[in-house]
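Engineer: File final.txt follows (compact mmCIF, C-alpha atoms):
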```txt
# COMPACT_ATOMS: atom_id res chain seq x y z
CA MET A 1 -52.28 -46.13 -73.16
CA LYS A 2 -48.93 -44.89 -71.99
CA PHE A 3 -50.54 -41.68 -70.79
CA SER A 4 -53.12 -43.50 -68.71
CA MET A 5 -50.40 -45.66 -67.11
CA LYS A 6 -48.50 -42.50 -66.23
CA MET A 7 -51.63 -40.99 -64.73
CA ARG A 8 -52.18 -44.09 -62.62
CA TRP A 9 -48.64 -43.92 -61.31
CA LEU A 10 -49.06 -40.25 -60.58
CA LYS A 11 -52.26 -40.87 -58.64
CA ALA A 12 -50.62 -43.63 -56.66
CA LEU A 13 -47.72 -41.34 -55.86
CA VAL A 14 -50.08 -38.59 -54.69
CA VAL A 15 -51.96 -41.01 -52.44
CA LEU A 16 -48.72 -42.39 -51.04
CA GLY A 17 -47.45 -38.89 -50.43
CA ALA A 18 -50.63 -37.91 -48.64
CA VAL A 19 -50.46 -41.02 -46.47
CA ALA A 20 -46.79 -40.41 -45.76
CA LEU A 21 -47.59 -36.88 -44.64
CA ALA A 22 -50.74 -37.80 -42.69
CA VAL A 23 -49.29 -40.68 -40.66
CA PRO A 24 -46.67 -38.63 -38.82
CA ALA A 25 -49.23 -35.86 -38.27
CA TRP A 26 -51.69 -38.38 -36.75
CA ALA A 27 -48.90 -39.95 -34.73
CA ASP A 28 -47.96 -36.53 -33.41
CA THR A 29 -51.57 -35.77 -32.45
CA ARG A 30 -51.94 -39.09 -30.66
CA SER A 31 -48.59 -38.68 -28.94
CA ASN A 32 -49.54 -35.20 -27.68
CA ALA A 33 -52.90 -36.46 -26.47
CA ARG A 34 -51.22 -39.46 -24.86
CA GLU A 35 -48.94 -37.15 -22.88
CA GLN A 36 -51.99 -35.40 -21.47
CA VAL A 37 -53.63 -38.73 -20.65
CA GLU A 38 -50.52 -40.00 -18.88
CA PHE A 39 -50.23 -36.84 -16.85
CA GLY A 40 -53.92 -37.09 -15.99
CA ILE A 41 -53.50 -40.66 -14.78
CA ASN A 42 -50.57 -39.60 -12.66
CA VAL A 43 -52.48 -36.85 -10.89
CA ALA A 44 -55.70 -38.86 -10.60
CA GLN A 45 -53.78 -41.56 -8.75
CA ARG A 46 -52.83 -38.88 -6.23
CA GLY A 47 -56.43 -37.82 -5.87
CA LEU A 48 -56.19 -34.63 -7.95
CA TRP A 49 -59.24 -35.39 -10.04
CA ARG A 50 -59.94 -31.84 -11.20
CA GLU A 51 -56.48 -31.50 -12.67
CA ALA A 52 -56.97 -34.91 -14.26
CA ILE A 53 -60.21 -33.73 -15.83
CA TYR A 54 -58.43 -30.69 -17.27
CA ARG A 55 -55.76 -32.94 -18.81
CA TRP A 56 -58.18 -35.47 -20.27
CA GLU A 57 -60.43 -32.75 -21.66
CA LYS A 58 -57.33 -31.40 -23.40
CA ALA A 59 -56.49 -34.89 -24.67
CA VAL A 60 -59.88 -35.34 -26.36
CA GLU A 61 -59.65 -31.84 -27.76
CA ILE A 62 -56.31 -32.73 -29.38
CA ASP A 63 -57.46 -36.17 -30.48
CA PRO A 64 -61.25 -36.61 -30.60
CA MET A 65 -60.83 -40.26 -31.61
CA TYR A 66 -58.97 -41.25 -28.42
CA ALA A 67 -61.29 -43.74 -26.69
CA ALA A 68 -59.08 -44.22 -23.61
CA ALA A 69 -59.14 -40.49 -22.90
CA TYR A 70 -62.94 -40.47 -23.00
CA ASN A 71 -63.01 -43.50 -20.71
CA ASP A 72 -60.75 -41.72 -18.20
CA LEU A 73 -62.87 -38.59 -18.45
CA GLY A 74 -65.95 -40.68 -17.71
CA ILE A 75 -64.33 -42.02 -14.55
CA ALA A 76 -63.25 -38.57 -13.40
CA TYR A 77 -66.67 -37.02 -14.02
CA GLU A 78 -68.22 -39.92 -12.14
CA HIS A 79 -65.91 -39.34 -9.20
CA GLU A 80 -66.85 -35.65 -9.20
CA GLY A 81 -70.57 -36.46 -9.28
CA GLN A 82 -71.09 -35.05 -12.79
CA LEU A 83 -73.10 -38.06 -13.81
CA ASP A 84 -74.53 -36.70 -17.08
CA LYS A 85 -71.11 -35.77 -18.36
CA ALA A 86 -69.76 -39.14 -17.21
CA ARG A 87 -72.42 -41.02 -19.17
CA LYS A 88 -71.70 -39.02 -22.33
CA ALA A 89 -67.94 -39.60 -22.00
CA TYR A 90 -68.36 -43.36 -21.49
CA GLU A 91 -70.77 -43.59 -24.41
CA LYS A 92 -68.34 -41.73 -26.66
CA ALA A 93 -65.52 -44.06 -25.57
CA LEU A 94 -67.68 -47.09 -26.35
CA ALA A 95 -68.73 -45.65 -29.69
CA LEU A 96 -65.06 -45.35 -30.61
CA GLU A 97 -64.10 -48.77 -29.25
CA PRO A 98 -67.23 -50.91 -28.93
CA ASN A 99 -65.27 -54.08 -28.18
CA ASN A 100 -63.11 -52.68 -25.41
CA ALA A 101 -63.97 -54.86 -22.40
CA GLN A 102 -62.47 -52.44 -19.86
CA ILE A 103 -64.52 -49.49 -21.08
CA ARG A 104 -67.63 -51.69 -21.15
CA GLN A 105 -66.99 -52.80 -17.56
CA ASN A 106 -66.47 -49.23 -16.33
CA TYR A 107 -69.66 -48.16 -18.10
CA ASP A 108 -71.70 -51.04 -16.67
CA LEU A 109 -70.54 -50.24 -13.14
CA PHE A 110 -71.34 -46.58 -13.68
CA LYS A 111 -74.79 -47.39 -15.07
CA GLU A 112 -75.63 -49.50 -12.04
CA ILE A 113 -74.97 -46.52 -9.76
CA ASN A 114 -76.55 -43.97 -12.07
CA ASP A 115 -79.76 -46.01 -12.33
CA ARG A 116 -79.97 -46.08 -8.54
CA SER A 117 -79.74 -42.31 -8.37
CA VAL A 118 -82.67 -41.79 -10.72
CA GLN A 119 -85.09 -44.25 -9.12
CA PRO A 120 -88.55 -42.92 -8.36
CA LYS A 121 -89.02 -41.47 -4.91
CA ASP A 122 -91.97 -43.59 -3.85
CA LYS A 123 -91.27 -47.17 -4.63
CA GLN A 124 -92.60 -50.42 -3.34
CA MET B 1 -20.42 -85.14 -30.96
CA THR B 2 -21.55 -81.89 -32.31
CA ALA B 3 -25.08 -81.29 -33.37
CA ARG B 4 -25.54 -79.71 -36.69
CA CYS B 5 -28.43 -77.41 -37.08
CA ASN B 6 -30.54 -77.11 -40.11
CA PRO B 7 -30.52 -73.42 -41.18
CA LYS B 8 -34.24 -73.70 -42.06
CA THR B 9 -35.10 -74.94 -38.55
CA ASN B 10 -32.92 -72.27 -37.05
CA SER B 11 -34.64 -69.46 -38.86
CA ARG B 12 -38.08 -70.89 -37.91
CA ARG B 13 -37.01 -71.08 -34.26
CA ALA B 14 -35.74 -67.53 -34.40
CA GLY B 15 -39.04 -66.46 -35.86
CA LEU B 16 -40.98 -68.19 -33.09
CA ILE B 17 -38.77 -66.70 -30.39
CA SER B 18 -39.14 -63.21 -31.80
CA ALA B 19 -42.91 -63.68 -32.04
CA ALA B 20 -43.03 -64.83 -28.40
CA VAL B 21 -40.89 -61.89 -27.32
CA ALA B 22 -43.17 -59.54 -29.23
CA LEU B 23 -46.22 -61.13 -27.61
CA VAL B 24 -44.73 -60.82 -24.12
CA ALA B 25 -43.74 -57.24 -24.83
CA LEU B 26 -47.18 -56.52 -26.15
CA SER B 27 -48.95 -58.06 -23.16
CA ALA B 28 -46.56 -56.28 -20.79
CA ALA B 29 -47.30 -53.05 -22.59
CA CYS B 30 -51.02 -53.73 -22.42
CA GLY B 31 -50.75 -54.55 -18.73
CA SER B 32 -49.00 -51.29 -17.99
CA GLU B 33 -51.69 -49.33 -19.82
CA MET B 34 -54.39 -50.11 -17.29
CA TYR B 35 -54.58 -48.55 -13.88
CA GLU B 36 -57.17 -49.60 -11.35
CA VAL B 37 -58.23 -46.63 -9.24
CA PRO B 38 -60.65 -46.36 -6.33
CA VAL B 39 -63.56 -44.00 -6.98
CA GLU B 40 -66.29 -42.61 -4.77
CA THR B 41 -69.34 -41.67 -6.79
CA PRO B 42 -71.49 -39.10 -5.01
CA ILE B 43 -75.20 -39.72 -5.46
CA PRO B 44 -77.22 -36.55 -4.81
CA ALA B 45 -80.06 -36.69 -2.29
CA LYS B 46 -83.43 -37.44 -3.86
CA LEU B 47 -85.12 -34.86 -1.68
CA ASP B 48 -84.09 -31.22 -1.47
CA VAL B 49 -83.67 -30.68 2.25
CA SER B 50 -81.56 -27.54 1.97
CA ALA B 51 -84.30 -25.59 3.77
CA PHE B 52 -83.71 -27.61 6.94
CA GLN B 53 -80.81 -27.70 9.31
CA ARG B 54 -82.34 -30.18 11.71
CA VAL B 55 -84.28 -33.40 11.52
CA LEU B 56 -86.69 -34.95 13.99
CA VAL B 57 -87.23 -38.68 13.67
CA ALA B 58 -90.51 -38.44 15.53
CA GLY B 59 -91.76 -42.00 15.77
CA PHE B 60 -93.72 -44.58 13.83
CA VAL B 61 -97.05 -46.30 13.81
CA VAL B 62 -95.99 -49.90 14.29
CA GLY B 63 -97.61 -53.28 13.88
CA GLY B 64 -96.82 -56.96 13.83
CA THR B 65 -94.71 -58.86 16.30
CA GLU B 66 -94.30 -57.65 19.85
CA ASP B 67 -90.91 -59.39 20.20
CA VAL B 68 -89.25 -56.18 19.03
CA ASP B 69 -90.08 -52.63 20.10
CA THR B 70 -90.22 -51.59 16.44
CA ASN B 71 -90.92 -47.92 17.14
CA GLN B 72 -88.01 -47.54 19.56
CA GLU B 73 -85.57 -49.54 17.41
CA THR B 74 -86.46 -47.75 14.17
CA VAL B 75 -86.15 -44.31 15.73
CA ARG B 76 -82.82 -45.25 17.31
CA LEU B 77 -81.40 -46.78 14.14
CA LEU B 78 -82.43 -43.94 11.83
CA ARG B 79 -81.14 -41.28 14.20
CA SER B 80 -77.75 -42.94 14.53
CA GLN B 81 -77.49 -43.34 10.73
CA LEU B 82 -78.47 -39.71 10.13
CA ARG B 83 -75.97 -38.52 12.73
CA THR B 84 -73.06 -40.14 10.92
CA LYS B 85 -74.19 -40.02 7.29
CA SER B 86 -76.03 -36.75 6.81
CA GLU B 87 -75.39 -33.11 7.43
CA LEU B 88 -78.67 -32.56 9.24
CA ARG B 89 -78.54 -32.10 12.99
CA VAL B 90 -80.53 -34.83 14.68
CA ILE B 91 -82.94 -33.78 17.43
CA ASP B 92 -82.92 -35.98 20.51
CA ALA B 93 -86.37 -36.57 21.89
CA ASP B 94 -88.37 -39.52 23.16
CA PRO B 95 -89.94 -41.52 20.32
CA MET B 96 -93.59 -40.52 19.95
CA PRO B 97 -96.10 -43.32 20.59
CA LEU B 98 -97.95 -42.69 17.33
CA ASN B 99 -100.31 -45.68 17.64
CA GLU B 100 -101.75 -44.05 20.75
CA VAL B 101 -101.70 -40.57 19.22
CA ALA B 102 -103.69 -41.86 16.25
CA GLN B 103 -106.19 -43.60 18.55
CA GLU B 104 -106.67 -40.41 20.58
CA GLN B 105 -107.12 -38.29 17.47
CA ASN B 106 -109.62 -40.77 16.16
CA LYS B 107 -111.57 -40.78 19.43
CA ALA B 108 -111.65 -36.99 19.46
CA ALA B 109 -112.82 -36.89 15.84
CA THR B 110 -115.52 -39.47 16.56
CA ALA B 111 -116.74 -37.62 19.65
CA GLU B 112 -116.90 -34.40 17.67
CA ALA B 113 -118.85 -36.05 14.90
CA SER B 114 -121.35 -37.67 17.29
CA THR B 115 -122.16 -34.39 19.11
CA PRO B 116 -125.83 -33.76 18.24
CA ALA B 117 -126.42 -30.65 16.19
CA LEU B 118 -129.32 -28.38 17.05
CA GLU B 119 -131.03 -28.52 13.68
CA GLY B 120 -131.31 -32.27 13.16
CA PRO B 121 -130.21 -34.53 16.04
CA ALA B 122 -131.73 -37.78 14.80
CA VAL B 123 -130.16 -37.60 11.36
CA ARG B 124 -126.77 -36.46 12.68
CA THR B 125 -126.50 -39.30 15.23
CA THR B 126 -127.17 -41.94 12.63
CA SER B 127 -124.51 -40.61 10.28
CA ALA B 128 -122.04 -40.32 13.15
CA VAL B 129 -122.53 -43.97 14.08
CA GLU B 130 -121.94 -44.98 10.45
CA ASN B 131 -118.90 -42.74 10.28
CA ASN B 132 -117.54 -44.20 13.51
CA ALA B 133 -117.80 -47.73 12.18
CA ALA B 134 -116.09 -46.72 8.95
CA THR B 135 -113.17 -44.92 10.59
CA ALA B 136 -112.44 -47.20 13.55
CA LEU B 137 -108.72 -47.86 14.00
CA PRO B 138 -107.81 -51.46 14.75
CA LEU B 139 -106.09 -51.64 18.14
CA LYS B 140 -103.86 -54.49 17.07
CA ILE B 141 -102.14 -54.05 13.74
CA LYS B 142 -101.52 -57.43 12.14
CA ASP B 143 -101.19 -56.60 8.45
CA GLU B 144 -101.05 -53.84 5.89
CA LYS B 145 -104.84 -53.53 5.79
CA ASP B 146 -104.91 -52.74 9.51
CA LEU B 147 -102.31 -50.02 8.94
CA GLU B 148 -104.20 -48.21 6.21
CA PRO B 149 -106.63 -46.22 8.41
CA TYR B 150 -103.67 -44.90 10.39
CA ASP B 151 -102.58 -42.92 7.32
CA ARG B 152 -105.03 -40.20 8.41
CA LEU B 153 -102.57 -39.27 11.15
CA PHE B 154 -99.92 -38.31 8.59
CA ALA B 155 -102.39 -36.16 6.67
CA ASN B 156 -103.21 -34.16 9.80
CA THR B 157 -101.19 -31.07 8.89
CA ALA B 158 -102.34 -29.10 11.95
CA TYR B 159 -100.93 -31.77 14.26
CA TRP B 160 -97.57 -31.97 12.48
CA LYS B 161 -97.33 -28.19 12.27
CA ARG B 162 -97.74 -28.06 16.03
CA ILE B 163 -95.00 -30.68 16.48
CA GLY B 164 -92.83 -28.64 14.08
CA GLU B 165 -93.34 -25.48 16.12
CA GLU B 166 -92.43 -27.35 19.29
CA TYR B 167 -89.03 -28.32 17.77
CA GLN B 168 -88.39 -25.09 15.82
CA ASN B 169 -89.51 -26.22 12.37
CA PRO B 170 -87.30 -29.19 11.56
CA LEU B 171 -87.76 -31.77 8.84
CA ILE B 172 -89.93 -34.46 10.43
CA VAL B 173 -89.44 -38.13 9.64
CA THR B 174 -92.31 -40.40 10.58
CA GLY B 175 -94.39 -43.15 8.99
CA SER B 176 -95.31 -46.72 9.73
CA VAL B 177 -93.39 -49.93 10.21
CA LEU B 178 -94.89 -53.37 9.94
CA PHE B 179 -92.72 -56.24 11.15
CA VAL B 180 -94.58 -59.52 10.96
CA PRO B 181 -93.61 -63.18 11.28
CA ARG B 182 -93.84 -65.20 8.08
CA THR B 183 -93.87 -68.89 7.37
CA SER B 184 -93.57 -70.54 4.05
CA SER B 185 -93.38 -74.11 2.85
CA GLY B 186 -92.64 -75.42 -0.59
CA LEU B 187 -89.89 -76.41 -2.97
CA VAL B 188 -86.72 -74.36 -2.83
CA THR B 189 -83.53 -74.66 -4.85
CA ARG B 190 -80.48 -75.38 -2.75
CA GLU B 191 -76.92 -76.16 -3.66
CA GLN B 192 -75.78 -79.59 -2.57
CA GLU B 193 -72.25 -80.92 -2.44
CA VAL B 194 -71.68 -84.28 -4.11
CA TYR B 195 -68.49 -86.32 -4.47
CA ASP B 196 -67.90 -88.64 -7.40
CA GLY B 197 -66.02 -91.95 -7.35
CA LEU B 198 -62.66 -90.16 -7.59
CA GLY B 199 -63.46 -87.96 -4.61
CA ARG B 200 -64.00 -84.85 -6.68
CA ARG B 201 -66.38 -82.31 -5.18
CA ARG B 202 -69.22 -80.86 -7.19
CA VAL B 203 -72.02 -78.49 -6.27
CA VAL B 204 -75.36 -79.52 -7.71
CA PRO B 205 -78.56 -77.44 -7.51
CA THR B 206 -81.33 -79.56 -6.05
CA ARG B 207 -84.96 -78.77 -5.32
CA VAL B 208 -86.06 -79.73 -1.85
CA TYR B 209 -89.24 -79.28 0.12
CA MET B 210 -88.65 -76.95 3.04
CA GLU B 211 -90.54 -75.38 5.86
CA ARG B 212 -89.21 -71.89 6.41
CA LYS B 213 -89.95 -69.12 8.82
CA GLY B 214 -88.81 -65.59 9.26
CA PHE B 215 -90.09 -62.03 9.09
CA MET B 216 -91.36 -59.44 6.67
CA LEU B 217 -90.48 -55.78 7.22
CA ARG B 218 -92.49 -53.09 5.48
CA PRO B 219 -91.56 -49.56 6.49
CA LYS B 220 -93.14 -46.49 4.97
CA PHE B 221 -91.13 -43.37 5.70
CA ILE B 222 -92.98 -40.08 5.50
CA PHE B 223 -91.09 -36.81 5.29
CA ILE B 224 -92.99 -33.82 6.66
CA ASP B 225 -92.15 -30.13 6.46
CA GLY B 226 -92.17 -29.00 10.10
CA ARG B 227 -93.01 -25.43 9.06
CA THR B 228 -96.29 -26.33 7.36
CA GLY B 229 -97.09 -29.84 8.58
CA ALA B 230 -97.44 -30.99 4.98
CA THR B 231 -96.00 -34.23 3.63
CA ILE B 232 -93.08 -33.60 1.27
CA SER B 233 -92.37 -37.14 0.18
CA SER B 234 -92.63 -40.77 1.18
CA LEU B 235 -90.63 -43.92 0.67
CA SER B 236 -92.02 -47.44 0.99
CA ARG B 237 -90.00 -50.63 1.02
CA ARG B 238 -90.71 -54.26 1.69
CA GLU B 239 -88.11 -56.85 2.62
CA GLU B 240 -88.39 -60.44 3.74
CA ALA B 241 -86.01 -62.94 5.33
CA LEU B 242 -86.87 -66.62 5.63
CA TYR B 243 -84.75 -69.23 7.33
CA ASN B 244 -84.86 -72.97 7.79
CA ALA B 245 -87.67 -73.70 10.29
CA GLN B 246 -85.16 -75.37 12.63
CA ASN B 247 -83.13 -72.16 12.92
CA GLU B 248 -84.05 -70.06 15.89
CA THR B 249 -83.09 -66.64 14.54
CA PRO B 250 -84.02 -63.90 17.02
CA ALA B 251 -86.56 -61.36 15.77
CA LEU B 252 -84.28 -58.43 16.62
CA SER B 253 -81.39 -59.73 14.51
CA THR B 254 -83.75 -60.31 11.57
CA TYR B 255 -85.07 -56.79 12.05
CA PHE B 256 -81.55 -55.37 11.75
CA GLU B 257 -80.72 -57.63 8.81
CA LEU B 258 -83.75 -56.31 6.92
CA MET B 259 -83.20 -52.69 7.95
CA ASP B 260 -79.64 -52.97 6.66
CA ARG B 261 -81.07 -53.45 3.18
CA ILE B 262 -83.45 -50.50 3.54
CA VAL B 263 -81.33 -47.86 5.28
CA PRO B 264 -79.19 -46.93 2.19
CA ASP B 265 -82.37 -45.94 0.32
CA PHE B 266 -83.60 -43.96 3.32
CA LEU B 267 -80.29 -42.11 3.61
CA GLY B 268 -80.16 -41.57 -0.14
CA THR B 269 -83.41 -39.65 0.12
CA LEU B 270 -82.04 -37.15 2.62
CA SER B 271 -78.35 -36.81 1.94
CA THR B 272 -75.70 -37.25 -0.69
CA GLN B 273 -74.26 -40.74 -0.48
CA LYS B 274 -70.86 -41.81 -1.74
CA ILE B 275 -70.70 -45.18 -3.43
CA LYS B 276 -67.24 -46.72 -3.30
CA GLY B 277 -65.92 -48.75 -6.20
CA THR B 278 -63.03 -49.19 -8.59
CA ARG B 279 -62.59 -48.28 -12.24
CA VAL B 280 -59.88 -48.89 -14.80
CA LEU B 281 -58.03 -45.90 -16.28
CA LEU B 282 -56.59 -46.50 -19.74
CA LYS B 283 -53.64 -44.95 -21.50
```
Now that the file is in, can you turn its structure into structure tokens?

Structural biologist:
Amino acid sequence: MKFSMKMRWLKALVVLGAVALAVPAWADTRSNAREQVEFGINVAQRGLWREAIYRWEKAVEIDPMYAAAYNDLGIAYEHEGQLDKARKAYEKALALEPNNAQIRQNYDLFKEINDRSVQPKDKQ
Amino acid sequence: MTARCNPKTNSRRAGLISAAVALVALSAACGSEMYEVPVETPIPAKLDVSAFQRVLVAGFVVGGTEDVDTNQETVRLLRSQLRTKSELRVIDADPMPLNEVAQEQNKAATAEASTPALEGPAVRTTSAVENNAATALPLKIKDEKDLEPYDRLFANTAYWKRIGEEYQNPLIVTGSVLFVPRTSSGLVTREQEVYDGLGRRRVVPTRVYMERKGFMLRPKFIFIDGRTGATISSLSRREEALYNAQNETPALSTYFELMDRIVPDFLGTLSTQKIKGTRVLLK
């Protein structure tokens, strides 16, 4: 009885320890990715979209769960005319944050344009 | 008199204030994490025209109203749009009167077919007469059915090859344009303003019987390779504008209103177009 109680405490301690170690590591990852995203936004606002793409690609490499970075990548790819890549980036962002209204709006606007570009040549 | 505060109330107030501050801070933070940016999405041309440096908007077979010189106006409008929105050099030449060209080609073909052959004159003449009746081109084009037989002109590769040679093998834009008056009567939904007893304005959809008139524009653009005379692609569109029957909208302004809706698709076929918009960057 006493032994099993001890084991339970030990398990709890291990879990807590793991969480305590993982949280700062995750926070560090997100903070590094966020730095890249911020820099990307800064340069994109000055029209340097290729540099922005480089930064946001780095951000999703550091933190593959960062929906905002995928959203920004989608916008940049769209601006550069890389429509396939843009669609994939938006879809990834939405998969990570399905209820994010801003991402949804960006994606809807993109889709409207993308659909126009793939219309059949001879239409009535 | 001094007011004494209940410590319980005080702590609740403090809690509420801190929650409000947190909410404001949170919303401020959220607000600063969105950045609206202008974007220009390039849409690649639907047709690969990299083999051509120049484009000849030759002319169009036209039908419908005579209030507008549809051939002249279409050629002029497309050339000016291509000059500013495509990388192709636009050839300046008089618009070709393609209705007449088609009539002449048809006459020549009929004459050729009715020439008696040595081996069987009686039989040949009969078939030529039948053929003539079947291929006659209506002089006045009133609808889409009248336009159909004119399509033979665009399939005449020898003719278009010759035109291509004359202008040093450009991309040739031609086709047909039908611009016909339309009238319509029936129930239409319109928004009507109503004011209630307190003077408040409301907009209510109401169905009213209306006589309307306007025009229908149906262009078919045909893109021909000037080196071979063969058709590369075609684009058909149909647009309609109807106004209240009391409105006297000039045919020319309706023509431009309808062409405005069609021109982006035409340009999108030949050149990369940039679509302006805004998107929201997130942190």

Engineer: For chain B, work out the contacting residues on chain A at 8 Å, counting only C-alpha atoms, and write them as an NGL selection string.

Structural biologist: :A and (34 or 37-38 or 41 or 45 or 68-69 or 71-72 or 75 or 78-81 or 102-103 or 106 or 113-114 or 117 or 121-124)

Engineer: Counting all atoms listed in the file, which of B:Gly226, B:Lys213, B:Thr84, B:Ile232 gets nearest to Gly164 in chain B?

Structural biologist: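 The closest residue to Gly164 in chain B is B:Gly226.
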
Engineer: Identify which of the residues B:Ser50, B:Gln192, B:Asn244, B:Asn169 lies closest to Met210 in chain B, counting only C-alpha atoms when measuring atom-to-atom distances.

Structural biologist: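 When distances to Met210 in chain B are compared using only C-alpha atoms, the smallest one comes from B:Asn244.
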
Engineer: With all atoms listed in the file as the counted atoms, please give the residues lying no more than 8 Å from Ala59 in chain A, apart from itself and same-chain residues fewer than 4 positions off, as a count of residues only.

Structural biologist: 10

Engineer: What separation in Å, quoted to one decimal, exists between CA of Leu187 in chain B and CA of Glu144 in chain B?

Structural biologist: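 Atom-to-atom, CA of Leu187 in chain B and CA of Glu144 in chain B are spaced 26.7 Å apart.
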
Engineer: Do you know which residues are at most 10 Å from Leu82 in chain B counting all atoms listed in the file, after dropping those on the same chain fewer than 3 positions away, and could you put them as a VMD selection string?

Structural biologist: chain B and resid 55 57 77 to 79 85 to 90 263 266 to 267 270 to 271

Engineer: Please measure the separation of CA of Asn106 in chain B and CA of Thr228 in chain B, giving the value in Å to one decimal.

Structural biologist: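 CA of Thr228 in chain B lies at a distance of 21.5 Å from CA of Asn106 in chain B.
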
Engineer: Could you jot down the CA of Ala108 in chain B to CA of Tyr159 in chain B separation for me, Å, one decimal place?

Structural biologist: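 For CA of Ala108 in chain B relative to CA of Tyr159 in chain B, the distance reads 13.0 Å.
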
Engineer: Would you list the residues near (-60.6, -35.9, -15.7), meaning any protein, DNA or RNA residue with an atom at most 8 Å from that point in file coordinates, counting only C-alpha atoms, as a ChimeraX atom specification?

Structural biologist: /A:40,44,49-57,72-77

Engineer: Can you tell me, as a PyMOL selection string, what residues are no more than 8 Å from range 73-76 of chain B when counting all atoms listed in the file, ignoring any on the same chain fewer than 6 positions away?

Structural biologist: chain B and resi 57-60+95

Engineer: Looking at only C-alpha atoms, which of A:Ala93, A:Leu83, A:Leu48, A:Val43 is the one that sits closest to Met65 in chain A?

Structural biologist: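 Using only C-alpha atoms, Met65 in chain A sits closest to A:Ala93.
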
Engineer: Can you work out which one of A:Leu96, A:Val14, A:Ala27, A:Ala89 has the shortest atom-to-atom distance to Ala67 in chain A, counting only C-alpha atoms?

Structural biologist: A:Leu96

Engineer: Between B:Lys107, B:Glu100, B:Gln72, B:Gln168, which is the closest to Phe52 in chain B once you count only C-alpha atoms?

Structural biologist: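 The closest residue to Phe52 in chain B is B:Gln168.
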
Engineer: Choose the residue, out of B:Leu171, B:Ala109, B:Ser176, B:Glu148, that has the smallest atom-to-atom separation from Val61 in chain B; count only C-alpha atoms.

Structural biologist: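 Ranked by minimum distance to Val61 in chain B, first place goes to B:Ser176.
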
Engineer: Which polymer residues have any atom within 8 Å of an atom of Arg87 in chain A, counting only C-alpha atoms, with same-chain residues fewer than 5 positions away left out, as JSON, numbers by chain?

Structural biologist: {"A": [74, 107, 110, 111]}

Engineer: Find the spatial neighbours of Ser253 in chain B, counting all atoms listed in the file, within a cut-off of 10 Å - ignore same-chain residues fewer than 5 positions away - and output them as a list in words.

Structural biologist: Val68, Leu258 and Met259 of chain B

Engineer: Some atoms are missing, so please complete range 62-73 of chain A with N, CA and C atoms and return it as an mmCIF file, in the frame of the given file.

Structural biologist:
```
data_model
loop_
_atom_site.group_PDB
_atom_site.id
_atom_site.type_symbol
_atom_site.label_atom_id
_atom_site.label_comp_id
_atom_site.auth_asym_id
_atom_site.auth_seq_id
_atom_site.Cartn_x
_atom_site.Cartn_y
_atom_site.Cartn_z
ATOM 1 N N ILE A 62 -57.401 -32.499 -28.412
ATOM 2 C CA ILE A 62 -56.310 -32.730 -29.380
ATOM 3 C C ILE A 62 -56.663 -33.894 -30.303
ATOM 4 N N ASP A 63 -57.169 -34.974 -29.705
ATOM 5 C CA ASP A 63 -57.460 -36.170 -30.480
ATOM 6 C C ASP A 63 -58.873 -36.688 -30.153
ATOM 7 N N PRO A 64 -59.860 -36.228 -30.897
ATOM 8 C CA PRO A 64 -61.250 -36.610 -30.600
ATOM 9 C C PRO A 64 -61.567 -38.084 -30.848
ATOM 10 N N MET A 65 -60.591 -38.837 -31.352
ATOM 11 C CA MET A 65 -60.830 -40.260 -31.610
ATOM 12 C C MET A 65 -60.188 -41.139 -30.525
ATOM 13 N N TYR A 66 -59.750 -40.537 -29.442
ATOM 14 C CA TYR A 66 -58.970 -41.250 -28.420
ATOM 15 C C TYR A 66 -59.935 -41.835 -27.367
ATOM 16 N N ALA A 67 -60.289 -43.086 -27.552
ATOM 17 C CA ALA A 67 -61.290 -43.740 -26.690
ATOM 18 C C ALA A 67 -60.849 -43.790 -25.219
ATOM 19 N N ALA A 68 -59.567 -44.097 -24.991
ATOM 20 C CA ALA A 68 -59.080 -44.220 -23.610
ATOM 21 C C ALA A 68 -59.245 -42.911 -22.851
ATOM 22 N N ALA A 69 -59.012 -41.800 -23.557
ATOM 23 C CA ALA A 69 -59.140 -40.490 -22.900
ATOM 24 C C ALA A 69 -60.588 -40.235 -22.485
ATOM 25 N N TYR A 70 -61.516 -40.620 -23.351
ATOM 26 C CA TYR A 70 -62.940 -40.470 -23.000
ATOM 27 C C TYR A 70 -63.303 -41.367 -21.819
ATOM 28 N N ASN A 71 -62.743 -42.577 -21.816
ATOM 29 C CA ASN A 71 -63.010 -43.500 -20.710
ATOM 30 C C ASN A 71 -62.542 -42.880 -19.389
ATOM 31 N N ASP A 72 -61.321 -42.315 -19.419
ATOM 32 C CA ASP A 72 -60.750 -41.720 -18.200
ATOM 33 C C ASP A 72 -61.571 -40.509 -17.768
ATOM 34 N N LEU A 73 -62.018 -39.755 -18.753
ATOM 35 C CA LEU A 73 -62.870 -38.590 -18.450
ATOM 36 C C LEU A 73 -64.158 -39.041 -17.770
#
```
